[in-house]
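Quick notes on the structure that follows.
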Amino acid sequence: MKSKRILMSIIGVMIGAISVGFFKLAAFGVDPFQSFMSGIHQMIPINFGTLYVIVNAALLLFALIFDRHYIGIATFINLFLLGYVVDFSHQTLLNIFPDASMLIRIPSFIFGFVALCFGCSIYITADLGVSTYDAIALIMANKWKIGKFKFIRIMTDVVCVVLGIVLFILGKGKIADIPAFVGVGTILTAFFMGPLIDFFNRKVSAPFLERK
């Protein structure tokens, strides 16, 4: 069972990282946390992978203080590898589709969104740690008992989107460039990612983990 959980953690994180590359190719906006990262990246223009590690290290302190249960192998895979896998995934897709049309962008968004939710569900269910961002909503739901995960996730996602926009503008980013990372795809993700992760948890990931 432990080996299955480890495999689920690794696969889940990798699926999630690759899916962000599809989000970026679609250019309908990235997922809420990545929109937050885009805002910070505008203010601190260093390598995205390195910045991702720094931001997540800060969020790691939150989880360590309030509930270390959510810190595990998946947390550190997210912390040290996800940003670089996102970069690789996005660049590879750009090389394949240098001038992506709507016929490519729309399916890319749909695939990226579903794959992201599925990947999150797999490693959350594996229960060997989650990303430092996912830990926030889980701690609020399961530790602090504020409400159901899917609703708290909507709240944290909306906050991330707003902060991403504010930080981007403060970093002297052009308002016309905001739709590149905050668009219809970001809004859809903010409101439907939590419920879809919850669906995959119940219908796919948990039954798979329990299967002998």
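In the structure tokens, chains take letters A, B, ... by order of appearance, with residues numbered from 1 within each chain and ligands from 1 in the order shown.
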If DSSP is run on the backbone, what residues of segment 94-195 of chain A are alpha helix (DSSP H)? A reply as a PyMOL selection string would be ideal. chain A and resi 94-96+102-126+132-138+149-170+184-195
Long-range neighbours of His41 of chain A as an MDAnalysis selection string, 12 Å cut-off, only C-alpha atoms, 5 positions minimum in chain: chainID A and resid 34:36 46:52 54:55 164:165 167:173 181
Restricting the output to C-alpha atoms, write the selected residues as an mmCIF file, in the first residue's frame.
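So result02.cif came out as:
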```
data_model
loop_
_atom_site.group_PDB
_atom_site.id
_atom_site.type_symbol
_atom_site.label_atom_id
_atom_site.label_comp_id
_atom_site.auth_asym_id
_atom_site.auth_seq_id
_atom_site.Cartn_x
_atom_site.Cartn_y
_atom_site.Cartn_z
ATOM 1 C CA GLN A 34 -0.092 30.147 -11.095
ATOM 2 C CA SER A 35 -1.806 33.516 -11.638
ATOM 3 C CA PHE A 36 -0.565 34.487 -8.186
ATOM 4 C CA ILE A 46 14.127 35.768 -11.746
ATOM 5 C CA ASN A 47 13.950 32.217 -13.123
ATOM 6 C CA PHE A 48 10.396 30.980 -12.599
ATOM 7 C CA GLY A 49 11.498 27.604 -11.256
ATOM 8 C CA THR A 50 13.709 29.269 -8.650
ATOM 9 C CA LEU A 51 10.995 31.754 -7.671
ATOM 10 C CA TYR A 52 8.533 28.871 -7.337
ATOM 11 C CA ILE A 54 11.215 30.399 -2.793
ATOM 12 C CA VAL A 55 7.471 31.111 -2.603
ATOM 13 C CA GLY A 164 -1.968 37.956 -8.811
ATOM 14 C CA ILE A 165 -3.572 40.893 -10.630
ATOM 15 C CA LEU A 167 1.003 42.222 -7.759
ATOM 16 C CA PHE A 168 1.288 42.240 -11.560
ATOM 17 C CA ILE A 169 0.124 45.864 -11.710
ATOM 18 C CA LEU A 170 2.387 46.865 -8.799
ATOM 19 C CA GLY A 171 5.249 45.266 -10.724
ATOM 20 C CA LYS A 172 4.499 47.710 -13.569
ATOM 21 C CA GLY A 173 2.966 45.041 -15.770
ATOM 22 C CA PHE A 181 -2.530 34.735 -17.038
#
```
Write out as a PDB file with C-alpha atoms, in the first residue's frame which residues come within 10 Å of segment 98-104 of chain A when counting only C-alpha atoms, dropping same-chain ones fewer than 6 positions away.
```pdb
ATOM      1  CA  PHE A  22      -1.263  23.188 -21.450  1.00  0.00           C
ATOM      2  CA  LEU A  25      -0.405  27.219 -24.287  1.00  0.00           C
ATOM      3  CA  ALA A  26      -4.176  27.760 -24.244  1.00  0.00           C
ATOM      4  CA  ALA A  27      -3.611  31.355 -23.064  1.00  0.00           C
ATOM      5  CA  GLN A  91       8.416  25.174 -23.852  1.00  0.00           C
ATOM      6  CA  THR A  92       7.922  21.745 -25.412  1.00  0.00           C
TER       7      THR A  92
END
```
With only C-alpha atoms as the atoms that count, which of A:Pro179, A:Asp67, A:Ser89, A:Phe97 lies nearest to Ala141 of chain A? A:Asp67
Which polymer residues have any atom within 10 Å of an atom of segment 28-33 of chain A, counting only C-alpha atoms, with same-chain residues fewer than 3 positions away left out, as a PDB file with N, CA and C atoms, in the first residue's frame?
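New file selection.pdb:
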```pdb
ATOM      1  N   SER A  19       0.177  19.690 -16.804  1.00  0.00           N
ATOM      2  CA  SER A  19      -1.099  20.321 -17.167  1.00  0.00           C
ATOM      3  C   SER A  19      -0.984  21.844 -17.210  1.00  0.00           C
ATOM      4  N   VAL A  20      -0.129  22.421 -16.359  1.00  0.00           N
ATOM      5  CA  VAL A  20       0.035  23.875 -16.357  1.00  0.00           C
ATOM      6  C   VAL A  20       0.623  24.350 -17.684  1.00  0.00           C
ATOM      7  N   GLY A  21       1.482  23.503 -18.298  1.00  0.00           N
ATOM      8  CA  GLY A  21       2.019  23.829 -19.612  1.00  0.00           C
ATOM      9  C   GLY A  21       0.909  23.975 -20.641  1.00  0.00           C
ATOM     10  N   PHE A  22      -0.111  23.112 -20.543  1.00  0.00           N
ATOM     11  CA  PHE A  22      -1.263  23.188 -21.450  1.00  0.00           C
ATOM     12  C   PHE A  22      -2.085  24.439 -21.163  1.00  0.00           C
ATOM     13  N   PHE A  23      -2.208  24.807 -19.893  1.00  0.00           N
ATOM     14  CA  PHE A  23      -2.901  26.044 -19.527  1.00  0.00           C
ATOM     15  C   PHE A  23      -2.233  27.230 -20.201  1.00  0.00           C
ATOM     16  N   LYS A  24      -0.909  27.262 -20.121  1.00  0.00           N
ATOM     17  CA  LYS A  24      -0.169  28.393 -20.684  1.00  0.00           C
ATOM     18  C   LYS A  24      -0.282  28.433 -22.201  1.00  0.00           C
ATOM     19  N   LEU A  25      -0.258  27.265 -22.833  1.00  0.00           N
ATOM     20  CA  LEU A  25      -0.405  27.219 -24.287  1.00  0.00           C
ATOM     21  C   LEU A  25      -1.788  27.723 -24.691  1.00  0.00           C
ATOM     22  N   PHE A  36      -1.241  33.838  -9.314  1.00  0.00           N
ATOM     23  CA  PHE A  36      -0.565  34.487  -8.186  1.00  0.00           C
ATOM     24  C   PHE A  36       0.943  34.517  -8.423  1.00  0.00           C
ATOM     25  N   MET A  37       1.492  33.378  -8.903  1.00  0.00           N
ATOM     26  CA  MET A  37       2.914  33.296  -9.200  1.00  0.00           C
ATOM     27  C   MET A  37       3.300  34.249 -10.325  1.00  0.00           C
ATOM     28  N   SER A  38       2.414  34.417 -11.296  1.00  0.00           N
ATOM     29  CA  SER A  38       2.695  35.333 -12.411  1.00  0.00           C
ATOM     30  C   SER A  38       2.826  36.764 -11.905  1.00  0.00           C
ATOM     31  N   GLY A  39       1.978  37.114 -10.927  1.00  0.00           N
ATOM     32  CA  GLY A  39       2.052  38.450 -10.357  1.00  0.00           C
ATOM     33  C   GLY A  39       3.366  38.675  -9.620  1.00  0.00           C
ATOM     34  N   ARG A 105      -5.938  25.661 -28.875  1.00  0.00           N
ATOM     35  CA  ARG A 105      -6.001  26.288 -27.558  1.00  0.00           C
ATOM     36  C   ARG A 105      -7.168  25.793 -26.705  1.00  0.00           C
ATOM     37  N   ILE A 106      -8.346  25.654 -27.314  1.00  0.00           N
ATOM     38  CA  ILE A 106      -9.518  25.227 -26.541  1.00  0.00           C
ATOM     39  C   ILE A 106      -9.354  23.809 -25.992  1.00  0.00           C
ATOM     40  N   SER A 108      -6.584  22.342 -25.452  1.00  0.00           N
ATOM     41  CA  SER A 108      -5.468  22.415 -24.502  1.00  0.00           C
ATOM     42  C   SER A 108      -5.951  22.866 -23.134  1.00  0.00           C
ATOM     43  N   PHE A 109      -6.846  23.851 -23.129  1.00  0.00           N
ATOM     44  CA  PHE A 109      -7.381  24.313 -21.847  1.00  0.00           C
ATOM     45  C   PHE A 109      -8.204  23.229 -21.165  1.00  0.00           C
ATOM     46  N   GLY A 112      -5.904  20.572 -19.933  1.00  0.00           N
ATOM     47  CA  GLY A 112      -5.097  21.073 -18.820  1.00  0.00           C
ATOM     48  C   GLY A 112      -5.905  21.181 -17.535  1.00  0.00           C
ATOM     49  N   PHE A 113      -7.132  21.666 -17.647  1.00  0.00           N
ATOM     50  CA  PHE A 113      -7.983  21.838 -16.472  1.00  0.00           C
ATOM     51  C   PHE A 113      -8.341  20.491 -15.835  1.00  0.00           C
ATOM     52  N   LEU A 116      -5.216  18.791 -14.400  1.00  0.00           N
ATOM     53  CA  LEU A 116      -4.761  19.430 -13.166  1.00  0.00           C
ATOM     54  C   LEU A 116      -5.584  18.942 -11.971  1.00  0.00           C
ATOM     55  N   TYR A 133       0.413  24.976  -1.322  1.00  0.00           N
ATOM     56  CA  TYR A 133      -0.821  25.736  -1.576  1.00  0.00           C
ATOM     57  C   TYR A 133      -2.049  24.889  -1.253  1.00  0.00           C
ATOM     58  N   ASP A 134      -2.060  23.636  -1.701  1.00  0.00           N
ATOM     59  CA  ASP A 134      -3.186  22.751  -1.402  1.00  0.00           C
ATOM     60  C   ASP A 134      -3.354  22.576   0.102  1.00  0.00           C
ATOM     61  N   ILE A 154     -12.466  27.225  -3.325  1.00  0.00           N
ATOM     62  CA  ILE A 154     -12.957  28.316  -4.175  1.00  0.00           C
ATOM     63  C   ILE A 154     -12.508  29.660  -3.601  1.00  0.00           C
ATOM     64  N   THR A 156      -9.907  30.361  -1.529  1.00  0.00           N
ATOM     65  CA  THR A 156      -8.465  30.598  -1.643  1.00  0.00           C
ATOM     66  C   THR A 156      -8.065  30.852  -3.092  1.00  0.00           C
ATOM     67  N   ASP A 157      -8.743  30.197  -4.026  1.00  0.00           N
ATOM     68  CA  ASP A 157      -8.441  30.412  -5.444  1.00  0.00           C
ATOM     69  C   ASP A 157      -8.782  31.835  -5.879  1.00  0.00           C
ATOM     70  N   VAL A 158      -9.933  32.327  -5.426  1.00  0.00           N
ATOM     71  CA  VAL A 158     -10.337  33.692  -5.775  1.00  0.00           C
ATOM     72  C   VAL A 158      -9.344  34.706  -5.201  1.00  0.00           C
ATOM     73  N   VAL A 159      -8.906  34.482  -3.973  1.00  0.00           N
ATOM     74  CA  VAL A 159      -7.919  35.371  -3.339  1.00  0.00           C
ATOM     75  C   VAL A 159      -6.625  35.380  -4.146  1.00  0.00           C
ATOM     76  N   CYS A 160      -6.201  34.199  -4.620  1.00  0.00           N
ATOM     77  CA  CYS A 160      -4.971  34.100  -5.414  1.00  0.00           C
ATOM     78  C   CYS A 160      -5.074  34.901  -6.710  1.00  0.00           C
ATOM     79  N   VAL A 161      -6.223  34.809  -7.360  1.00  0.00           N
ATOM     80  CA  VAL A 161      -6.420  35.532  -8.616  1.00  0.00           C
ATOM     81  C   VAL A 161      -6.333  37.038  -8.388  1.00  0.00           C
ATOM     82  N   VAL A 162      -7.008  37.514  -7.352  1.00  0.00           N
ATOM     83  CA  VAL A 162      -7.003  38.951  -7.045  1.00  0.00           C
ATOM     84  C   VAL A 162      -5.586  39.430  -6.704  1.00  0.00           C
ATOM     85  N   LEU A 163      -4.888  38.665  -5.871  1.00  0.00           N
ATOM     86  CA  LEU A 163      -3.516  39.034  -5.508  1.00  0.00           C
ATOM     87  C   LEU A 163      -2.600  39.027  -6.727  1.00  0.00           C
ATOM     88  N   GLY A 164      -2.798  38.034  -7.607  1.00  0.00           N
ATOM     89  CA  GLY A 164      -1.968  37.956  -8.811  1.00  0.00           C
ATOM     90  C   GLY A 164      -2.089  39.208  -9.663  1.00  0.00           C
ATOM     91  N   ILE A 178      -2.667  41.251 -18.731  1.00  0.00           N
ATOM     92  CA  ILE A 178      -3.297  40.478 -17.665  1.00  0.00           C
ATOM     93  C   ILE A 178      -4.068  39.262 -18.190  1.00  0.00           C
ATOM     94  N   PRO A 179      -4.807  39.386 -19.308  1.00  0.00           N
ATOM     95  CA  PRO A 179      -5.549  38.214 -19.809  1.00  0.00           C
ATOM     96  C   PRO A 179      -4.669  37.010 -20.144  1.00  0.00           C
ATOM     97  N   ALA A 180      -3.363  37.223 -20.287  1.00  0.00           N
ATOM     98  CA  ALA A 180      -2.469  36.099 -20.591  1.00  0.00           C
ATOM     99  C   ALA A 180      -2.391  35.128 -19.421  1.00  0.00           C
ATOM    100  N   PHE A 181      -2.584  35.642 -18.190  1.00  0.00           N
ATOM    101  CA  PHE A 181      -2.530  34.735 -17.038  1.00  0.00           C
ATOM    102  C   PHE A 181      -3.808  34.740 -16.196  1.00  0.00           C
ATOM    103  N   VAL A 182      -4.661  35.746 -16.383  1.00  0.00           N
ATOM    104  CA  VAL A 182      -5.970  35.753 -15.730  1.00  0.00           C
ATOM    105  C   VAL A 182      -7.027  35.968 -16.797  1.00  0.00           C
ATOM    106  N   GLY A 183      -7.702  34.895 -17.153  1.00  0.00           N
ATOM    107  CA  GLY A 183      -8.715  34.960 -18.186  1.00  0.00           C
ATOM    108  C   GLY A 183      -9.906  34.104 -17.818  1.00  0.00           C
ATOM    109  N   VAL A 184     -10.703  33.787 -18.810  1.00  0.00           N
ATOM    110  CA  VAL A 184     -11.892  32.974 -18.558  1.00  0.00           C
ATOM    111  C   VAL A 184     -11.513  31.615 -17.978  1.00  0.00           C
ATOM    112  N   GLY A 185     -10.356  31.101 -18.407  1.00  0.00           N
ATOM    113  CA  GLY A 185      -9.905  29.816 -17.888  1.00  0.00           C
ATOM    114  C   GLY A 185      -9.587  29.884 -16.401  1.00  0.00           C
ATOM    115  N   THR A 186      -9.008  31.012 -15.973  1.00  0.00           N
ATOM    116  CA  THR A 186      -8.678  31.201 -14.555  1.00  0.00           C
ATOM    117  C   THR A 186      -9.945  31.261 -13.715  1.00  0.00           C
ATOM    118  N   ILE A 187     -10.941  31.987 -14.204  1.00  0.00           N
ATOM    119  CA  ILE A 187     -12.200  32.129 -13.473  1.00  0.00           C
ATOM    120  C   ILE A 187     -12.908  30.780 -13.355  1.00  0.00           C
ATOM    121  N   LEU A 188     -12.950  30.043 -14.474  1.00  0.00           N
ATOM    122  CA  LEU A 188     -13.585  28.724 -14.444  1.00  0.00           C
ATOM    123  C   LEU A 188     -12.864  27.798 -13.465  1.00  0.00           C
ATOM    124  N   THR A 189     -11.541  27.890 -13.471  1.00  0.00           N
ATOM    125  CA  THR A 189     -10.744  27.047 -12.576  1.00  0.00           C
ATOM    126  C   THR A 189     -10.986  27.420 -11.118  1.00  0.00           C
ATOM    127  N   ALA A 190     -11.048  28.720 -10.840  1.00  0.00           N
ATOM    128  CA  ALA A 190     -11.246  29.187  -9.470  1.00  0.00           C
ATOM    129  C   ALA A 190     -12.539  28.649  -8.865  1.00  0.00           C
ATOM    130  N   PHE A 191     -13.598  28.586  -9.684  1.00  0.00           N
ATOM    131  CA  PHE A 191     -14.898  28.179  -9.158  1.00  0.00           C
ATOM    132  C   PHE A 191     -15.203  26.686  -9.302  1.00  0.00           C
ATOM    133  N   MET A 193     -12.529  24.090  -9.806  1.00  0.00           N
ATOM    134  CA  MET A 193     -11.435  23.176  -9.508  1.00  0.00           C
ATOM    135  C   MET A 193     -11.695  22.404  -8.215  1.00  0.00           C
TER     136      MET A 193
END
```
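Closest approach to Phe111 of chain A among A:Ile40, A:Ala137, A:Leu209, A:Ile18: A:Ile18, based on only C-alpha atoms.
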List the neighbours of Leu64 of chain A out to 12 Å using only C-alpha atoms; skip same-chain residues closer than 6 positions along the sequence, and give me the result as a count of residues only. 11
May I ask for the distance between atom CA of Phe62 of chain A and atom CA of Asn142 of chain A, given in Å to one decimal place? 14.9 Å
Which residues are near Leu128 of chain A? Cut-off 10 Å, only C-alpha atoms, ignore same chain within fewer than 2 positions. Put them as JSON, numbers by chain. {"A": [2, 5, 6, 8, 9, 10, 69, 70, 71, 72, 73, 74, 75, 123, 124, 125, 126, 130]}
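The two atoms in question, atom CA of Leu60 of chain A and atom CA of Gly194 of chain A, are spaced 20.8 Å apart.
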With distances taken over only C-alpha atoms, which of A:Ile122, A:Ala17, A:Leu7, A:Ala176 is nearest to Ile197 of chain A? A:Ile122
Selection near Met140 of chain A, 8 Å with only C-alpha atoms, sequence-local residues under 6 positions removed, as a PyMOL selection string: chain A and resi 146-147+149+152
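Comparing A:Phe199, A:Phe66, A:Ser205, A:Ala115 by their smallest distance to Trp144 of chain A, the closest is A:Phe66 (using only C-alpha atoms).
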